[in-house]
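As provided, model12.txt (compact mmCIF, C-alpha atoms) reads as follows.
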```
# COMPACT_ATOMS: atom_id res chain seq x y z
CA MET Z 78 56.67 90.17 67.80
CA ASN Z 79 60.04 90.28 66.12
CA GLN Z 80 62.61 88.13 67.87
CA PHE Z 81 64.88 91.20 68.22
CA ASP Z 82 62.07 93.49 69.21
CA TYR Z 83 63.20 95.98 71.88
CA LYS Z 84 59.73 95.77 73.36
CA GLN Z 85 60.80 92.49 74.89
CA LEU Z 86 63.03 94.55 77.16
CA ASP Z 87 62.03 96.18 80.42
CA ASP Z 88 61.05 99.78 79.61
CA ILE Z 89 62.17 101.00 83.00
CA ILE Z 90 65.74 99.82 82.45
CA HIS Z 91 65.83 100.34 78.69
CA SER Z 92 67.17 103.89 78.78
CA ARG Z 93 70.85 104.80 78.53
CA ILE Z 94 71.00 106.65 81.85
CA ARG Z 95 68.81 104.26 83.83
CA LEU Z 96 70.73 101.32 82.43
CA ALA Z 97 73.99 103.04 83.44
CA VAL Z 98 72.66 103.70 86.96
CA MET Z 99 71.60 100.06 87.33
CA SER Z 100 74.98 98.89 86.04
CA VAL Z 101 76.84 101.08 88.54
CA LEU Z 102 74.67 99.95 91.44
CA ILE Z 103 74.98 96.27 90.53
CA SER Z 104 78.75 96.55 91.03
CA ILE Z 105 78.78 98.89 94.06
CA ASP Z 106 76.92 98.23 97.29
CA GLU Z 107 75.64 101.80 97.30
CA ALA Z 108 76.48 105.12 95.72
CA ASP Z 109 75.65 108.72 96.45
CA PHE Z 110 74.20 111.16 93.94
CA THR Z 111 77.56 112.75 93.09
CA LEU Z 112 79.22 109.46 92.34
CA LEU Z 113 76.31 108.33 90.17
CA ARG Z 114 76.39 111.63 88.28
CA GLU Z 115 80.11 111.22 87.62
CA GLN Z 116 79.74 107.61 86.53
CA VAL Z 117 76.77 108.05 84.21
CA ASN Z 118 77.80 111.48 82.97
CA ALA Z 119 74.40 113.13 83.37
CA THR Z 120 73.20 116.50 84.56
CA ASP Z 121 71.66 116.83 88.03
CA GLY Z 122 68.12 117.33 86.73
CA ASN Z 123 68.30 114.55 84.21
CA LEU Z 124 69.74 112.09 86.70
CA SER Z 125 67.14 113.02 89.33
CA THR Z 126 64.32 112.29 86.88
CA HIS Z 127 65.74 108.88 85.99
CA LEU Z 128 66.44 108.00 89.62
CA LYS Z 129 62.87 108.89 90.51
CA LYS Z 130 61.58 106.57 87.81
CA LEU Z 131 63.75 103.70 89.05
CA GLU Z 132 62.68 104.40 92.61
CA GLU Z 133 58.99 104.43 91.67
CA ALA Z 134 59.44 101.09 89.93
CA GLY Z 135 60.93 99.72 93.14
CA TYR Z 136 64.24 98.96 91.45
CA ILE Z 137 66.32 101.21 93.65
CA ASP Z 138 66.05 102.41 97.21
CA VAL Z 139 67.27 105.70 98.58
CA LYS Z 140 68.65 106.32 102.04
CA LYS Z 141 68.56 109.96 103.04
CA SER Z 142 70.65 111.29 105.88
CA PHE Z 143 72.39 114.42 107.08
CA ILE Z 144 76.13 114.55 107.45
CA ASN Z 145 77.51 117.72 108.99
CA ARG Z 146 74.07 119.30 108.43
CA LYS Z 147 74.25 118.63 104.70
CA PRO Z 148 71.84 116.19 103.04
CA LEU Z 149 73.30 113.01 101.63
CA SER Z 150 71.29 110.61 99.44
CA ARG Z 151 72.65 107.13 98.93
CA TYR Z 152 71.16 104.80 96.35
CA LEU Z 153 71.17 101.03 96.28
CA LEU Z 154 69.54 98.31 94.22
CA THR Z 155 66.56 96.50 95.69
CA GLN Z 156 66.05 92.77 95.33
CA LYS Z 157 63.39 93.54 92.70
CA GLY Z 158 65.90 95.74 90.84
CA ARG Z 159 68.57 93.02 90.88
CA LYS Z 160 66.11 90.51 89.50
CA ALA Z 161 64.92 92.91 86.80
CA PHE Z 162 68.50 93.70 85.80
CA SER Z 163 69.34 90.01 85.65
CA ILE Z 164 66.32 89.33 83.41
CA TYR Z 165 67.27 92.31 81.22
CA ILE Z 166 70.79 90.93 80.68
CA GLU Z 167 69.40 87.48 80.01
CA LYS Z 168 67.09 88.86 77.32
CA LEU Z 169 69.94 90.78 75.68
CA GLU Z 170 72.04 87.63 75.64
CA ASN Z 171 69.18 85.66 74.10
CA MET Z 172 68.82 88.30 71.39
CA ILE Z 173 72.47 87.86 70.48
CA LYS Z 174 72.21 84.08 70.41
CA LYS Z 175 69.18 84.11 68.08
CA MET B 82 66.61 96.14 68.41
CA ASP B 83 68.84 93.79 66.42
CA SER B 84 71.56 91.53 67.68
CA ILE B 85 74.23 94.14 66.95
CA SER B 86 72.64 96.76 69.18
CA ALA B 87 71.98 94.12 71.83
CA GLN B 88 75.69 93.35 71.69
CA GLU B 89 76.51 97.07 71.98
CA GLU B 90 74.23 97.40 74.96
CA LEU B 91 75.86 94.46 76.69
CA SER B 92 79.30 95.98 76.00
CA PHE B 93 78.08 99.28 77.47
CA ILE B 94 76.89 97.50 80.63
CA LYS B 95 80.13 95.55 80.90
CA LYS B 96 82.21 98.72 80.59
CA ILE B 97 80.23 100.54 83.28
CA ILE B 98 80.46 97.59 85.64
CA GLU B 99 84.23 97.32 85.10
CA ASP B 100 84.70 101.07 85.61
CA SER B 101 82.57 101.04 88.75
CA LYS B 102 84.48 98.16 90.29
CA ARG B 103 87.67 100.19 89.92
CA ILE B 104 86.31 103.19 91.82
CA LEU B 105 88.68 103.81 94.63
CA ILE B 106 88.71 106.79 96.91
CA ILE B 107 91.74 107.23 99.14
CA ASP B 108 91.85 110.28 101.34
CA GLY B 109 95.43 109.60 102.51
CA LYS B 110 94.53 110.21 106.17
CA SER B 111 95.33 106.67 107.29
CA PHE B 112 98.70 106.87 105.51
CA ILE B 113 99.51 110.07 107.39
CA PHE B 114 98.17 108.77 110.69
CA TRP B 115 100.09 105.48 110.61
CA GLY B 116 103.20 107.27 109.36
CA ILE B 117 103.06 109.55 112.41
CA ILE B 118 102.28 106.61 114.72
CA GLY B 119 105.21 104.62 113.30
CA SER B 120 107.59 107.58 113.54
CA ILE B 121 106.60 108.24 117.16
CA GLY B 122 107.10 104.56 118.01
CA LEU B 123 110.51 104.49 116.34
CA LEU B 124 111.71 107.71 117.95
CA ALA B 125 110.44 106.48 121.34
CA THR B 126 112.33 103.22 120.78
CA TYR B 127 115.51 105.14 119.91
CA PHE B 128 115.12 107.30 123.01
CA LEU B 129 114.47 104.26 125.27
CA ILE B 130 117.55 102.48 123.91
CA ILE B 131 119.90 105.39 124.44
CA THR B 132 118.50 105.87 127.95
CA GLU B 133 118.87 102.09 128.51
CA ASN B 134 115.18 101.60 129.36
CA TYR B 135 114.96 98.48 127.20
CA PHE B 136 112.11 96.91 129.17
CA LEU B 137 109.85 99.80 128.19
CA ILE B 138 110.28 99.34 124.43
CA ASN B 139 107.62 96.65 124.05
CA TRP B 140 105.23 98.63 126.23
CA ALA B 141 105.81 101.73 124.13
CA TRP B 142 104.83 99.77 121.03
CA VAL B 143 101.82 98.19 122.75
CA ILE B 144 100.58 101.70 123.58
CA VAL B 145 101.36 103.12 120.12
CA ILE B 146 99.89 100.21 118.13
CA GLY B 147 96.97 99.86 120.54
CA PHE B 148 96.09 103.54 120.25
CA GLY B 149 96.53 103.46 116.46
CA SER B 150 94.34 100.39 116.05
CA LEU B 151 91.62 101.72 118.33
CA TYR B 152 91.57 105.08 116.59
CA THR B 153 91.50 103.42 113.16
CA VAL B 154 88.55 101.19 114.11
CA LEU B 155 86.60 104.15 115.52
CA TYR B 156 87.46 106.39 112.57
CA TYR B 157 86.43 103.86 109.93
CA SER B 158 83.26 102.80 111.73
CA LYS B 159 82.24 106.47 111.70
CA LYS B 160 83.38 106.90 108.12
CA ALA B 161 81.43 103.83 106.99
CA LYS B 162 78.25 105.77 107.75
CA ILE B 163 79.12 108.55 105.33
CA TYR B 164 81.30 106.80 102.76
CA LYS B 165 79.70 107.05 99.42
CA SER B 166 80.59 103.69 98.00
CA ARG B 167 82.10 100.37 98.84
CA THR B 168 83.77 98.87 95.84
CA PHE B 169 85.73 95.79 95.00
CA ALA B 170 88.92 97.85 94.61
CA GLY B 171 88.27 99.51 97.98
CA LYS B 172 87.82 96.16 99.68
CA ILE B 173 91.08 94.90 98.11
CA MET B 174 92.92 98.00 99.30
CA ASN B 175 91.58 97.68 102.86
CA SER B 176 92.49 94.00 102.91
CA ILE B 177 96.05 94.68 101.74
CA TRP B 178 96.73 97.25 104.45
CA MET B 179 95.00 95.28 107.16
CA ALA B 180 97.06 92.20 106.26
CA MET B 181 100.21 94.33 106.19
CA GLY B 182 99.43 95.75 109.64
CA ILE B 183 98.84 92.28 111.09
CA ALA B 184 102.02 90.92 109.47
CA ALA B 185 104.08 93.86 110.77
CA THR B 186 102.64 93.42 114.27
CA ILE B 187 103.48 89.69 114.25
CA LEU B 188 107.01 90.42 113.06
CA GLY B 189 107.48 93.18 115.62
CA PHE B 190 105.99 91.51 118.67
CA ALA B 191 106.10 87.73 118.17
CA GLY B 192 109.28 87.82 116.07
CA GLY B 193 111.02 90.28 118.38
CA MET B 194 109.89 88.92 121.75
CA SER B 195 110.63 85.30 120.81
CA GLY B 196 114.13 86.27 119.74
CA ALA B 197 113.53 84.79 116.28
CA ILE B 198 114.14 88.24 114.84
CA HIS B 199 116.86 90.31 116.46
CA GLY B 200 115.53 93.70 117.50
CA ILE B 201 117.74 95.51 115.04
CA PHE B 202 116.29 93.50 112.14
CA ILE B 203 112.65 94.22 112.96
CA SER B 204 112.67 97.50 111.01
CA PRO B 205 114.00 96.01 107.75
CA SER B 206 111.62 93.05 108.09
CA ILE B 207 108.65 95.38 108.46
CA SER B 208 109.99 97.60 105.69
CA THR B 209 109.97 94.58 103.34
CA VAL B 210 106.31 93.88 104.16
CA VAL B 211 105.32 97.54 103.76
CA GLY B 212 107.01 97.51 100.33
CA VAL B 213 104.76 94.62 99.28
CA ALA B 214 101.67 96.55 100.40
CA TYR B 215 102.74 99.64 98.44
CA PHE B 216 103.55 97.60 95.34
CA ILE B 217 100.11 95.94 95.23
CA SER B 218 98.30 99.15 96.25
CA GLY B 219 99.97 101.00 93.39
CA ILE B 220 98.68 98.39 90.94
CA VAL B 221 95.13 98.48 92.38
CA TYR B 222 95.13 102.30 92.55
CA ASP B 223 96.69 102.43 89.07
CA SER B 224 99.41 104.71 90.39
CA LYS B 225 102.97 104.34 89.17
CA TRP B 226 104.38 106.60 91.86
CA MET B 227 102.73 104.55 94.57
CA THR B 228 104.15 101.36 93.10
CA ALA B 229 107.55 103.06 92.88
CA LEU B 230 107.42 103.79 96.62
CA SER B 231 107.77 100.06 97.20
CA ALA B 232 111.30 100.33 95.76
CA GLY B 233 112.07 102.92 98.45
CA TRP B 234 110.87 100.57 101.19
CA TRP B 235 112.75 97.60 99.73
CA ILE B 236 115.99 99.51 99.14
CA GLY B 237 115.74 100.79 102.71
CA ALA B 238 115.21 97.22 103.91
CA VAL B 239 118.31 96.01 102.05
CA ILE B 240 120.41 98.84 103.53
CA MET B 241 119.14 98.12 107.05
CA PHE B 242 119.74 94.37 106.66
CA LEU B 243 123.27 94.84 105.28
CA PHE B 244 124.31 97.69 107.56
CA PRO B 245 122.48 97.05 110.83
CA GLY B 246 122.83 99.31 113.85
CA MET B 247 121.11 101.88 115.98
CA HIS B 248 120.92 104.13 112.94
CA SER B 249 118.44 101.64 111.40
CA ILE B 250 115.76 102.99 113.72
CA LEU B 251 116.38 106.53 112.50
CA ILE B 252 116.51 105.38 108.87
CA MET B 253 113.14 103.66 109.36
CA ALA B 254 111.70 106.81 110.97
CA GLY B 255 112.98 108.83 107.99
CA MET B 256 111.38 106.32 105.61
CA MET B 257 108.11 106.65 107.50
CA ILE B 258 108.17 110.39 106.87
CA ALA B 259 109.36 110.20 103.24
CA PHE B 260 107.49 107.09 102.04
CA GLN B 261 104.39 107.12 104.25
CA ILE B 262 103.51 110.59 105.56
CA ALA B 263 104.57 112.50 102.43
CA PRO B 264 102.59 110.25 100.02
CA GLY B 265 99.66 110.47 102.43
CA LEU B 266 99.77 114.25 102.17
CA VAL B 267 99.86 114.02 98.37
CA LEU B 268 96.81 111.71 98.41
CA TYR B 269 95.03 113.96 100.88
CA ARG B 270 95.59 117.05 98.72
CA LYS B 271 94.39 115.17 95.66
CA TYR B 272 91.33 113.88 97.52
CA SER B 273 90.50 117.33 98.89
CA ALA B 274 90.72 118.85 95.43
CA GLU B 275 88.63 116.18 93.72
CA PHE B 276 86.10 114.90 96.19
CA SER B 277 85.64 116.54 99.55
CA SER B 278 83.72 119.55 98.33
CA LYS B 279 81.38 117.34 96.33
CA MET B 280 81.00 114.60 98.87
CA LEU B 281 79.87 116.33 102.03
```

Please re-express this file's structure in structure tokens.
Amino acid sequence: MNQFDYKQLDDIIHSRIRLAVMSVLISIDEADFTLLREQVNATDGNLSTHLKKLEEAGYIDVKKSFINRKPLSRYLLTQKGRKAFSIYIEKLENMIKK
Amino acid sequence: MDSISAQEELSFIKKIIEDSKRILIIDGKSFIFWGIIGSIGLLATYFLIITENYFLINWAWVIVIGFGSLYTVLYYSKKAKIYKSRTFAGKIMNSIWMAMGIAATILGFAGGMSGAIHGIFISPSISTVVGVAYFISGIVYDSKWMTALSAGWWIGAVIMFLFPGMHSILIMAGMMIAFQIAPGLVLYRKYSAEFSSKML
């Protein structure tokens, strides 16, 4: 394996949109779908797909509720997601050092 | 991936984190609410002075501040359930205004009742503190006009300190409308246009 091989990185996080979502959620306690869409600059469908993937990996959790009869989904990082993000950053930093 | 793209990726993450920490949503409602509360308290004070019911002034403020605080706590505890994000900037902003409210209450009640601050100088003292809150809020919110409002509060404070009198109460009430309620309405309109339709 090459020392700069991207395969060293977590596939789940190693995508521009998923990385952006993780980065937003690491700095905000929780965010709703609209805010995430604005921050990561993605379309609804695209963002939904990426959120689903992160959710399936157990990196994010979703809280669904109804406010004034309208659905509201709020996303937050799980402990597993925080750890994975931390490892991801660490690996990137190691790549730069090498 | 080489070290250059790893560096780019780290920069990308850093930028998103910095941008996210700055997210700040102000609906202006608390500005309007406290502006109205303050104006009512000031006008009640003016009325009680001219009718020589001085002993009721402190009670009027206890009722006004008590009601305002209770309503604020209930409103924000409800809002916390639907608010879409809690950010560092938001926490700073809440802290600034909470600290300002506590400082103003201490100046008004403890300062006034102890006699350390003459009643007529309570308004300029509070105006000075409010100016500080606006100045810092403007920096956090990245709003020049909000920062500029602090000048209004401070100039008002200087005028009320240098030319004290019954009119100070009316000047302060006018400042509440011009520098608190009016900006709150501007923020509320901006919030409604940008967020409310998307948020709920």

Spatial neighbours of stretch 158-173 of chain Z, 12 Å, only C-alpha atoms, chain gap at least 6 places, as a compact mmCIF listing (two decimals) with C-alpha atoms, keeping the file's coordinate frame:
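Result went into part-v1.txt, see below:
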```txt
# COMPACT_ATOMS: atom_id res chain seq x y z
CA ASN Z 79 60.04 90.28 66.12
CA GLN Z 80 62.61 88.13 67.87
CA PHE Z 81 64.88 91.20 68.22
CA ASP Z 82 62.07 93.49 69.21
CA TYR Z 83 63.20 95.98 71.88
CA LYS Z 84 59.73 95.77 73.36
CA GLN Z 85 60.80 92.49 74.89
CA LEU Z 86 63.03 94.55 77.16
CA ASP Z 87 62.03 96.18 80.42
CA ASP Z 88 61.05 99.78 79.61
CA ILE Z 89 62.17 101.00 83.00
CA ILE Z 90 65.74 99.82 82.45
CA HIS Z 91 65.83 100.34 78.69
CA SER Z 92 67.17 103.89 78.78
CA ARG Z 95 68.81 104.26 83.83
CA LEU Z 96 70.73 101.32 82.43
CA ALA Z 97 73.99 103.04 83.44
CA VAL Z 98 72.66 103.70 86.96
CA MET Z 99 71.60 100.06 87.33
CA SER Z 100 74.98 98.89 86.04
CA VAL Z 101 76.84 101.08 88.54
CA LEU Z 102 74.67 99.95 91.44
CA ILE Z 103 74.98 96.27 90.53
CA SER Z 104 78.75 96.55 91.03
CA ASP Z 106 76.92 98.23 97.29
CA LEU Z 131 63.75 103.70 89.05
CA GLU Z 132 62.68 104.40 92.61
CA GLU Z 133 58.99 104.43 91.67
CA ALA Z 134 59.44 101.09 89.93
CA GLY Z 135 60.93 99.72 93.14
CA TYR Z 136 64.24 98.96 91.45
CA ILE Z 137 66.32 101.21 93.65
CA ASP Z 138 66.05 102.41 97.21
CA TYR Z 152 71.16 104.80 96.35
CA MET B 82 66.61 96.14 68.41
CA ASP B 83 68.84 93.79 66.42
CA SER B 84 71.56 91.53 67.68
CA ILE B 85 74.23 94.14 66.95
CA SER B 86 72.64 96.76 69.18
CA ALA B 87 71.98 94.12 71.83
CA GLN B 88 75.69 93.35 71.69
CA GLU B 89 76.51 97.07 71.98
CA GLU B 90 74.23 97.40 74.96
CA LEU B 91 75.86 94.46 76.69
CA SER B 92 79.30 95.98 76.00
CA PHE B 93 78.08 99.28 77.47
CA ILE B 94 76.89 97.50 80.63
CA LYS B 95 80.13 95.55 80.90
```

Find the residue from B:Phe202, B:Trp178, B:Phe136, B:Trp234 that sits nearest to B:Ala214; use only C-alpha atoms when measuring.
->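 Smallest separation from B:Ala214 among the options: B:Trp178.
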
Find the spatial neighbours of stretch 109-120 of chain Z, counting only C-alpha atoms, within a cut-off of 9 Å - ignore same-chain residues fewer than 2 positions away - and output them as a list in words.
-> Arg93, Ile94, Arg95, Ala97, Val98, Val101, Leu102, Glu107, Gly122, Asn123, Leu124, Ser125, Leu149, Ser150, Arg151, Tyr152 and Leu153 of chain Z; Ile97, Asp100, Ser101, Tyr164, Lys165, Ser166, Lys279 and Met280 of chain B

Written selection (C-alpha atoms) as a compact mmCIF listing (two decimals), in the coordinates of the input:
```
# COMPACT_ATOMS: atom_id res chain seq x y z
CA ARG Z 93 70.85 104.80 78.53
CA ILE Z 94 71.00 106.65 81.85
CA ARG Z 95 68.81 104.26 83.83
CA ALA Z 97 73.99 103.04 83.44
CA VAL Z 98 72.66 103.70 86.96
CA VAL Z 101 76.84 101.08 88.54
CA LEU Z 102 74.67 99.95 91.44
CA GLU Z 107 75.64 101.80 97.30
CA GLY Z 122 68.12 117.33 86.73
CA ASN Z 123 68.30 114.55 84.21
CA LEU Z 124 69.74 112.09 86.70
CA SER Z 125 67.14 113.02 89.33
CA LEU Z 149 73.30 113.01 101.63
CA SER Z 150 71.29 110.61 99.44
CA ARG Z 151 72.65 107.13 98.93
CA TYR Z 152 71.16 104.80 96.35
CA LEU Z 153 71.17 101.03 96.28
CA ILE B 97 80.23 100.54 83.28
CA ASP B 100 84.70 101.07 85.61
CA SER B 101 82.57 101.04 88.75
CA TYR B 164 81.30 106.80 102.76
CA LYS B 165 79.70 107.05 99.42
CA SER B 166 80.59 103.69 98.00
CA LYS B 279 81.38 117.34 96.33
CA MET B 280 81.00 114.60 98.87
```

Write out as a PyMOL selection string which residues come within 6 Å of stretch 252-268 of chain B when counting all atoms listed in the file, dropping same-chain ones fewer than 3 positions away.
-> chain B and resi 108-109+112-113+116+120+123+249+271-272

Find the distance between atom CA of B:Gly147 and atom CA of B:Ile130 and write it in Å to one decimal.
->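 Calculated distance between atom CA of B:Gly147 and atom CA of B:Ile130 is 21.0 Å.
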
Could you check how far atom CA of B:Ala197 sits from atom CA of B:Ala184, in Å to one decimal?
->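 Distance between the two atoms: 14.7 Å.
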
Interatomic distance (Å, one decimal) between atom CA of B:Tyr135 and atom CA of B:Ser206 |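 Straight-line distance from atom CA of B:Tyr135 to atom CA of B:Ser206 works out to 20.1 Å.
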
Out of B:Gly200, B:Gly171, B:Gly193, B:Gly219, which residue has the shortest atom-to-atom distance to chain Z when counting only C-alpha atoms?
->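 Once distances to chain Z are computed over only C-alpha atoms, the minimum belongs to B:Gly171.
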
Looking at only C-alpha atoms, which of Z:Lys129, Z:Gln156, Z:Ser142, Z:Ala108 is the one that sits closest to chain B?
->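 The shortest atom-to-atom distance to chain B comes from Z:Ala108.
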
Within-12 Å shell of (103.8, 101.0, 93.1) in input frame, all atoms listed in the file, as a PDB file with C-alpha atoms, in the frame of the given file:
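Result saved to out_25.pdb:
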```pdb
ATOM      1  CA  VAL B 211     105.320  97.540 103.760  1.00  0.00           C
ATOM      2  CA  GLY B 212     107.010  97.510 100.330  1.00  0.00           C
ATOM      3  CA  VAL B 213     104.760  94.620  99.280  1.00  0.00           C
ATOM      4  CA  ALA B 214     101.670  96.550 100.400  1.00  0.00           C
ATOM      5  CA  TYR B 215     102.740  99.640  98.440  1.00  0.00           C
ATOM      6  CA  PHE B 216     103.550  97.600  95.340  1.00  0.00           C
ATOM      7  CA  ILE B 217     100.110  95.940  95.230  1.00  0.00           C
ATOM      8  CA  SER B 218      98.300  99.150  96.250  1.00  0.00           C
ATOM      9  CA  GLY B 219      99.970 101.000  93.390  1.00  0.00           C
ATOM     10  CA  ILE B 220      98.680  98.390  90.940  1.00  0.00           C
ATOM     11  CA  VAL B 221      95.130  98.480  92.380  1.00  0.00           C
ATOM     12  CA  TYR B 222      95.130 102.300  92.550  1.00  0.00           C
ATOM     13  CA  ASP B 223      96.690 102.430  89.070  1.00  0.00           C
ATOM     14  CA  SER B 224      99.410 104.710  90.390  1.00  0.00           C
ATOM     15  CA  LYS B 225     102.970 104.340  89.170  1.00  0.00           C
ATOM     16  CA  TRP B 226     104.380 106.600  91.860  1.00  0.00           C
ATOM     17  CA  MET B 227     102.730 104.550  94.570  1.00  0.00           C
ATOM     18  CA  THR B 228     104.150 101.360  93.100  1.00  0.00           C
ATOM     19  CA  ALA B 229     107.550 103.060  92.880  1.00  0.00           C
ATOM     20  CA  LEU B 230     107.420 103.790  96.620  1.00  0.00           C
ATOM     21  CA  SER B 231     107.770 100.060  97.200  1.00  0.00           C
ATOM     22  CA  ALA B 232     111.300 100.330  95.760  1.00  0.00           C
ATOM     23  CA  GLY B 233     112.070 102.920  98.450  1.00  0.00           C
ATOM     24  CA  TRP B 234     110.870 100.570 101.190  1.00  0.00           C
ATOM     25  CA  TRP B 235     112.750  97.600  99.730  1.00  0.00           C
ATOM     26  CA  PHE B 260     107.490 107.090 102.040  1.00  0.00           C
ATOM     27  CA  PRO B 264     102.590 110.250 100.020  1.00  0.00           C
TER      28      PRO B 264
END
```

Pick out the closest residue to chain B from this set: Z:Lys130, Z:Ile105, Z:Lys141, Z:Arg146. Count all atoms listed in the file.
->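 Looking only at the distances to chain B, the closest residue turns out to be Z:Ile105.
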